[in-house]
Amino acid sequence: MIAQSRWTPYWQAAPMTLVFAVFFIVPLIATFVVSFWEYNQYSIQPAMTGENYTEIFDGCIAGLPELCTIFKTYLSTLKFAAIVWALTLVIGFTIAYFLVFHIRTLTMQIILALVCTIPFLTSNVIRMISWIPLLGRNGLVNQALLGLGITDQPLDWLLYSNFSVVLAFVHLNTVFMIIPLLNSMFRIDKSLIEAAYDTGASGWQTLVNVVIPLSKTGIAIGSIFVITIVMGDYITIGVMGGQQIASVGKIIQVQTNFLQFPLAAANAVLLLVTVLSMILLLTRIVDIRKEL
Amino acid sequence: MSSKNNSGISRRSVLKGSAAIAGAAAGSQLITGFPAVIASEPVTLRYLGTAVNQSADIAKKVEEDLGIKIEYIPVTTDDVTKRIITQPNSFDIVDSEYFSLPNLIPSGNLIGMDANKIKYADKLATVMTKGEINGKKIGLQGTAPAKVFYLEKQRGKTFASEQTEWITLIPTTYNADTLGIRPDLIGRPIETWAELLNPEFKGKASILNIPSIGIMDAAMVVESMGKYTYPDKGNMTKEEIDMTIALLIEAKKAGQFRAFWSDFNESVNLMASGEVVIQSMWSPAVTAVRSKGIACTYQPLKEGYRAWASGFGLPKTLKGKKLDAAYEFINWFLSGWAGAYLNRQGYYSAVLETAKENMEPYEWAFWMEGKPAEKDIHAPDGSLLEKAGAVRDGGSYEDRMGSVACWNSVMDENEYMIKKWNEFIAA
C-alpha cells in the first residue's frame, strides 16, 4: 500500500503501450519509410528519394496562378472541414446546452442524451445513403416542392453537390460534438450560473462569460473529432458528391488501387502532418490536459 | 438420456465411417495404384475474383460434380490485382481481368498454365486467342487478350507473340461494353459515343470513375466527335492523355455530369432513379435496371464497343493436389454447364460449342444469334429477363464481338494518366 515500486505505473501502462506500438506506431513508421521508396507498376523498392513528395506538388509553381490539383483538393477538403465544424459546433452546443440547463431531471437528461445516439445504431453508410432517395431529382423533397407549386423544376443542387455533402457530414458528425460538450457542461457548477444571474448578468452574458469558457475542453475535443473525420473522409464526399468532388482520401485510395503505394504513403504523411498541425493549434488555444 | 444415446451413436458411426473411408482409400491405393486424393478429403480451392462472376450455383454444381469445394473471396477489380501482387499465397485460383496482366506477369506471382492439361485448349474462342471471329480481325487496341494470351515459358515474365503451351489466363467471361441509355427519357435514337458529351444531356450524363476504363470511354467519345484519331486508344502518349482529360474537364465544368460511379450498383441506381439518362455501363447493370421494369437500352454505337475479358490464373505457389484440383476445376468450367450459365446472364463464355450443348436452342438463338426470343427468356435464377419476341441489344455474338474497337488496358503512361484523372476529379 505504501511502498510501491516506482516502476509499477509503467508496468500497468505496458499492455496499452504495446497495443499502441504494434497497431499504431509501427504502421505509421512503415508508412513514413515507404513514402521515400521507389515503385513501378508491380513492385516497390527500398530507396531514399524525395520524388514522391515533389510528385505531389508537381506543377504547383509552374501552373500559377491556377491552383494545382493538390492545393485545390486540400482547399476543398479544408472548406468542408470549416463549414462542418462551424455547423456541428452551433448545433451540438445548442443541443448540449438545452439538455444540461433546461431539462430538469437527471433521468430525462440521460434518456434524451441516449436518444441523440440512436442513429448510431445503424451503419453510417446507411445513414448517408438514405439521403439519396430523399434529395434526388425525383426524390421526396423535389416531389413535395413540385407538388406544392413552390418550384416548377426539380432542384438539381439538392443531391451530388456541396450542399448534400455538408448535410450528410453534419448529420453524421454532430453527435461527436454533443457528447464531449455534454460531458464538460455537466461539470459546470450550477451555483456559478446562479451567481452570474444574481450579480445581474443577462442570459447572453452568462453564456458568453461563464458557460462557453467552462465548456472549452468539450469544444476542443469535439472539434478534434469532427475535423479529423472530415479531413480523412472520402466515402461521404464520394457518395454524396457523386464522386465529382475531390478529397485527399480519395486520391490516396486511387493511388493504392493502382499499386502506387509510396506515392499514397507520401500523401498520407502530408495529410497526417496537416491534421496534426490543426490539432496542435487547437491544443495551443485550449489546454485539454489541464482542464480535464 | 436420449441425447447421450445420440452422441454415442454418432460418435460410433463417425468412427466407423472414417475407418471405412480410410480403408477404401488404402484399398484403392493398393489395388489401382491411384492416389485417392479427392475421395479421401475434399479439396478446397480459394477462388479470388470479383463478386460478379462468383455465383453460388456454380460452386454448388462443382461440389456435386467433382467434390471440389469452392471458397469465394469476392473483392473489387482493383483489389484482385492488388492481392495477386501483395498476397500471392492467399488464394488458389484467381479470376482476373486480362488488362491487369502487364502488371501481374512481370511480378512473377502467376504461372503459365499448361495447355496440354486443358482439355478444350484448342476450342477456346478465337476472339480471345487470336483476336478474330471466323477469320475476321477485330479491334485490338488496348490490352487485347490475344496480345497477352501466351507466355514464352511457364515461369516467364514476357508475353509470347506466337501460340505456346503456356497460357496466362483461361477465359471465364468476356463482353463488349457500350453506353447505357434511358430510351423513354431521351426519346430519340442514339447512335454515337459523342452523345455522352452532348449538351442536350447536361447534368444527366455519367462516366465511370475507374481511371483505366473511364479514359477509354472518353477516348471513344473524342474519336467520335472527330477531334482526334488515336494511333492506339489503349496506349496513349502524354499529349493524348492531356488532350483527353482537358475535354473531360471542360465538360465537367460545363455541368455535363450528374455524378460518377465506380461500383456496378451505383450505375444501376443512377439510371433507375432517372438522375442520369446516358452513361458508361456494364451489361449486367442494364439487366438489373430492366428487371426493375424500367426501360434501359445497352445501345450499340457506330464506332463500336470497348471490350473486356477475364480469366482463370494460377498462383506460382500452387502445387500438389490443389494444383490438380485447379486444372480439374478449369476443365469442368470449360465443359459447358458453367458456360451456359454465364451466357444466360449476357456474358460470353470461353468454349462456345460446349455451352451451346447445355443451352436450349431458343436460348442460344436469343443470346448468341441475335434472333427474336421464341419464348420468354429467364435468368439463371428464374427471374424473367425478356418477354417472347424481344431481341438482344446489339444482336448476335458476331455482330457484337465483331464490332469491338478497343479493349480495357493498362497504358505505358499509366502513372501519368492516373495523376491527370485525379486532376479531372478535382476540377
# chains A, B, ... in the order shown; residues from 1 in each chain; ligands from 1

$ interface_residues --of "chain A" --to "chain B" --cutoff "6 Å" --atoms "only C-alpha atoms" --output "ChimeraX atom specification"
/A:41-42,69,242-244,246,257

$ select_by_dssp --residues "stretch 4-169 of chain A" --states "strand (DSSP E or B)" --output "JSON, numbers by chain"
{"A": [38, 39, 44, 45]}

$ atom_distance --atom1 "atom CA of B:Gly370" --atom2 "atom CA of B:Ala388"
13.1 Å

$ atom_distance --atom1 "atom CA of A:Pro213" --atom2 "atom CA of A:Leu181"
11.8 Å

$ atom_distance --atom1 "atom CA of B:Trp193" --atom2 "atom CA of A:Ile251"
28.2 Å

$ residues_around --residues "A:Asn124" --least-positions-apart "4" --cutoff "10 Å" --atoms "only C-alpha atoms" --output "PDB file with C-alpha atoms, in the first residue's frame"
ATOM      1  CA  PRO A 119     -28.915   6.994 -35.116  1.00  0.00           C
ATOM      2  CA  PHE A 120     -25.588   5.373 -34.278  1.00  0.00           C
ATOM      3  CA  MET A 128     -25.707   8.585 -45.541  1.00  0.00           C
ATOM      4  CA  ILE A 129     -27.298   6.635 -48.378  1.00  0.00           C
ATOM      5  CA  SER A 130     -30.789   7.182 -47.013  1.00  0.00           C
ATOM      6  CA  ALA A 168     -24.517  14.400 -44.638  1.00  0.00           C
ATOM      7  CA  HIS A 171     -25.921  14.661 -39.850  1.00  0.00           C
ATOM      8  CA  LEU A 172     -23.194  12.066 -39.258  1.00  0.00           C
ATOM      9  CA  ASN A 173     -20.885  14.056 -37.024  1.00  0.00           C
ATOM     10  CA  THR A 236     -19.192  10.647 -47.644  1.00  0.00           C
TER      11      THR A 236
END

$ closest_residue --among "B:Val286, B:Ile70, B:Met359, B:Met417" --to "B:Gly180" --atoms "only C-alpha atoms"
B:Val286

$ residues_around --residues "stretch 304-320 of chain B" --least-positions-apart "4" --cutoff "6 Å" --atoms "only C-alpha atoms" --output "list of chain:residue names"
B:Ile93, B:Val94, B:Asp95, B:Ser96, B:Glu97, B:Tyr98, B:Asn109, B:Leu110, B:Ile111, B:Leu169, B:Ile170, B:Pro171, B:Thr172, B:Thr173, B:Tyr174, B:Asn175, B:Ala176, B:Asp177, B:Thr178, B:Ser403, B:Val404, B:Ala405, B:Cys406, B:Trp407, B:Asn408

$ write_last_selection --atoms "C-alpha atoms" --output "PDB file, in the first residue's frame"
ATOM      1  CA  ILE B  93      -7.118 -19.761 -58.264  1.00  0.00           C
ATOM      2  CA  VAL B  94      -7.833 -16.254 -59.447  1.00  0.00           C
ATOM      3  CA  ASP B  95     -10.321 -14.776 -61.872  1.00  0.00           C
ATOM      4  CA  SER B  96      -8.585 -11.647 -63.124  1.00  0.00           C
ATOM      5  CA  GLU B  97      -9.041  -9.230 -65.996  1.00  0.00           C
ATOM      6  CA  TYR B  98      -6.662  -9.606 -68.932  1.00  0.00           C
ATOM      7  CA  ASN B 109       3.342 -14.280 -58.999  1.00  0.00           C
ATOM      8  CA  LEU B 110       1.258 -16.066 -61.642  1.00  0.00           C
ATOM      9  CA  ILE B 111       2.479 -19.017 -63.674  1.00  0.00           C
ATOM     10  CA  LEU B 169      -5.383 -16.860 -68.205  1.00  0.00           C
ATOM     11  CA  ILE B 170      -8.126 -19.249 -69.304  1.00  0.00           C
ATOM     12  CA  PRO B 171     -11.131 -17.065 -70.229  1.00  0.00           C
ATOM     13  CA  THR B 172     -14.112 -17.178 -67.893  1.00  0.00           C
ATOM     14  CA  THR B 173     -16.222 -14.328 -69.218  1.00  0.00           C
ATOM     15  CA  TYR B 174     -15.859 -11.523 -71.703  1.00  0.00           C
ATOM     16  CA  ASN B 175     -18.143  -8.963 -73.224  1.00  0.00           C
ATOM     17  CA  ALA B 176     -18.451  -5.819 -75.288  1.00  0.00           C
ATOM     18  CA  ASP B 177     -19.363  -2.672 -73.351  1.00  0.00           C
ATOM     19  CA  THR B 178     -21.116   0.414 -74.633  1.00  0.00           C
ATOM     20  CA  SER B 403     -17.513  -4.588 -83.687  1.00  0.00           C
ATOM     21  CA  VAL B 404     -15.068  -4.299 -80.822  1.00  0.00           C
ATOM     22  CA  ALA B 405     -12.946  -1.186 -81.259  1.00  0.00           C
ATOM     23  CA  CYS B 406     -10.676  -1.432 -78.244  1.00  0.00           C
ATOM     24  CA  TRP B 407     -10.019  -3.336 -75.025  1.00  0.00           C
ATOM     25  CA  ASN B 408      -9.619  -2.300 -71.403  1.00  0.00           C
TER      26      ASN B 408
END

$ residues_around --residues "A:Val286" --least-positions-apart "6" --cutoff "9 Å" --atoms "only C-alpha atoms" --output "count of residues only"
3

$ residues_around --residues "B:Leu196" --least-positions-apart "3" --cutoff "9 Å" --atoms "only C-alpha atoms" --output "PyMOL selection string"
chain B and resi 179+192-193+199+201+205-207+218+221+256+278-280

$ decode --residues "stretch 101-116 of chain A" --atoms "all heavy atoms" --output "compact mmCIF listing (two decimals), in the first residue's frame"
# COMPACT_ATOMS: atom_id res chain seq x y z
N PHE A 101 -29.03 22.47 -19.19
CA PHE A 101 -29.56 23.58 -18.40
C PHE A 101 -31.08 23.73 -18.45
O PHE A 101 -31.65 24.46 -17.67
CB PHE A 101 -28.90 24.89 -18.84
CG PHE A 101 -27.41 24.90 -18.59
CD1 PHE A 101 -26.52 24.81 -19.64
CD2 PHE A 101 -26.92 24.95 -17.28
CE1 PHE A 101 -25.16 24.80 -19.40
CE2 PHE A 101 -25.56 24.94 -17.04
CZ PHE A 101 -24.67 24.86 -18.10
N HIS A 102 -31.74 23.07 -19.39
CA HIS A 102 -33.19 23.24 -19.48
C HIS A 102 -33.97 22.00 -19.10
O HIS A 102 -35.15 22.10 -18.81
CB HIS A 102 -33.59 23.72 -20.87
CG HIS A 102 -33.20 25.14 -21.12
ND1 HIS A 102 -34.05 26.20 -20.92
CD2 HIS A 102 -32.03 25.69 -21.52
CE1 HIS A 102 -33.42 27.32 -21.19
NE2 HIS A 102 -32.19 27.04 -21.56
N ILE A 103 -33.34 20.82 -19.16
CA ILE A 103 -34.03 19.61 -18.73
C ILE A 103 -33.76 19.47 -17.23
O ILE A 103 -32.60 19.51 -16.80
CB ILE A 103 -33.51 18.38 -19.49
CG1 ILE A 103 -33.65 18.57 -20.99
CG2 ILE A 103 -34.24 17.13 -19.04
CD1 ILE A 103 -35.06 18.70 -21.49
N ARG A 104 -34.82 19.27 -16.46
CA ARG A 104 -34.64 19.39 -15.02
C ARG A 104 -34.21 18.10 -14.34
O ARG A 104 -33.40 18.13 -13.42
CB ARG A 104 -35.92 19.94 -14.39
CG ARG A 104 -36.12 21.35 -14.86
CD ARG A 104 -37.25 22.08 -14.20
NE ARG A 104 -37.44 23.36 -14.89
CZ ARG A 104 -36.72 24.44 -14.62
NH1 ARG A 104 -35.80 24.40 -13.70
NH2 ARG A 104 -36.93 25.55 -15.29
N THR A 105 -34.77 16.96 -14.77
CA THR A 105 -34.42 15.74 -14.03
C THR A 105 -33.27 15.00 -14.72
O THR A 105 -33.13 15.03 -15.94
CB THR A 105 -35.62 14.77 -13.96
OG1 THR A 105 -35.93 14.35 -15.28
CG2 THR A 105 -36.81 15.44 -13.33
N LEU A 106 -32.48 14.33 -13.90
CA LEU A 106 -31.33 13.59 -14.41
C LEU A 106 -31.78 12.45 -15.33
O LEU A 106 -31.19 12.22 -16.39
CB LEU A 106 -30.53 13.03 -13.23
CG LEU A 106 -29.23 12.32 -13.63
CD1 LEU A 106 -28.25 13.30 -14.22
CD2 LEU A 106 -28.61 11.61 -12.43
N THR A 107 -32.87 11.75 -14.92
CA THR A 107 -33.38 10.64 -15.74
C THR A 107 -33.69 11.12 -17.14
O THR A 107 -33.30 10.50 -18.13
CB THR A 107 -34.69 10.08 -15.12
OG1 THR A 107 -34.66 10.33 -13.73
CG2 THR A 107 -34.85 8.63 -15.43
N MET A 108 -34.41 12.23 -17.21
CA MET A 108 -34.81 12.76 -18.51
C MET A 108 -33.56 13.14 -19.33
O MET A 108 -33.50 12.90 -20.54
CB MET A 108 -35.69 13.99 -18.29
CG MET A 108 -36.65 14.25 -19.42
SD MET A 108 -37.63 12.78 -19.80
CE MET A 108 -38.15 13.20 -21.45
N GLN A 109 -32.59 13.71 -18.63
CA GLN A 109 -31.35 14.10 -19.32
C GLN A 109 -30.67 12.88 -19.94
O GLN A 109 -30.24 12.90 -21.09
CB GLN A 109 -30.39 14.79 -18.35
CG GLN A 109 -30.77 16.22 -18.07
CD GLN A 109 -29.89 16.85 -17.00
OE1 GLN A 109 -29.37 16.15 -16.14
NE2 GLN A 109 -29.75 18.15 -17.05
N ILE A 110 -30.61 11.80 -19.13
CA ILE A 110 -29.95 10.59 -19.63
C ILE A 110 -30.73 10.02 -20.81
O ILE A 110 -30.16 9.66 -21.85
CB ILE A 110 -29.82 9.55 -18.51
CG1 ILE A 110 -28.85 10.07 -17.45
CG2 ILE A 110 -29.34 8.21 -19.05
CD1 ILE A 110 -28.76 9.23 -16.22
N ILE A 111 -32.06 9.98 -20.65
CA ILE A 111 -32.89 9.43 -21.74
C ILE A 111 -32.67 10.23 -23.02
O ILE A 111 -32.41 9.68 -24.09
CB ILE A 111 -34.39 9.44 -21.36
CG1 ILE A 111 -34.64 8.40 -20.25
CG2 ILE A 111 -35.26 9.16 -22.57
CD1 ILE A 111 -36.04 8.43 -19.69
N LEU A 112 -32.72 11.55 -22.92
CA LEU A 112 -32.59 12.38 -24.13
C LEU A 112 -31.18 12.28 -24.73
O LEU A 112 -31.02 12.29 -25.95
CB LEU A 112 -32.94 13.83 -23.82
CG LEU A 112 -34.44 14.06 -23.59
CD1 LEU A 112 -34.72 15.52 -23.25
CD2 LEU A 112 -35.25 13.65 -24.80
N ALA A 113 -30.17 12.16 -23.85
CA ALA A 113 -28.81 12.00 -24.37
C ALA A 113 -28.68 10.69 -25.14
O ALA A 113 -28.04 10.62 -26.19
CB ALA A 113 -27.79 12.03 -23.23
N LEU A 114 -29.36 9.65 -24.62
CA LEU A 114 -29.34 8.37 -25.33
C LEU A 114 -30.07 8.47 -26.66
O LEU A 114 -29.64 7.88 -27.67
CB LEU A 114 -29.97 7.27 -24.46
CG LEU A 114 -29.08 6.77 -23.31
CD1 LEU A 114 -29.82 5.73 -22.49
CD2 LEU A 114 -27.79 6.18 -23.85
N VAL A 115 -31.18 9.23 -26.65
CA VAL A 115 -31.94 9.41 -27.90
C VAL A 115 -31.02 9.98 -28.99
O VAL A 115 -31.08 9.59 -30.15
CB VAL A 115 -33.16 10.34 -27.66
CG1 VAL A 115 -33.75 10.80 -28.98
CG2 VAL A 115 -34.21 9.61 -26.85
N CYS A 116 -30.13 10.91 -28.57
CA CYS A 116 -29.21 11.51 -29.55
C CYS A 116 -28.31 10.46 -30.19
O CYS A 116 -27.83 10.64 -31.31
CB CYS A 116 -28.31 12.54 -28.88
SG CYS A 116 -29.18 14.03 -28.43
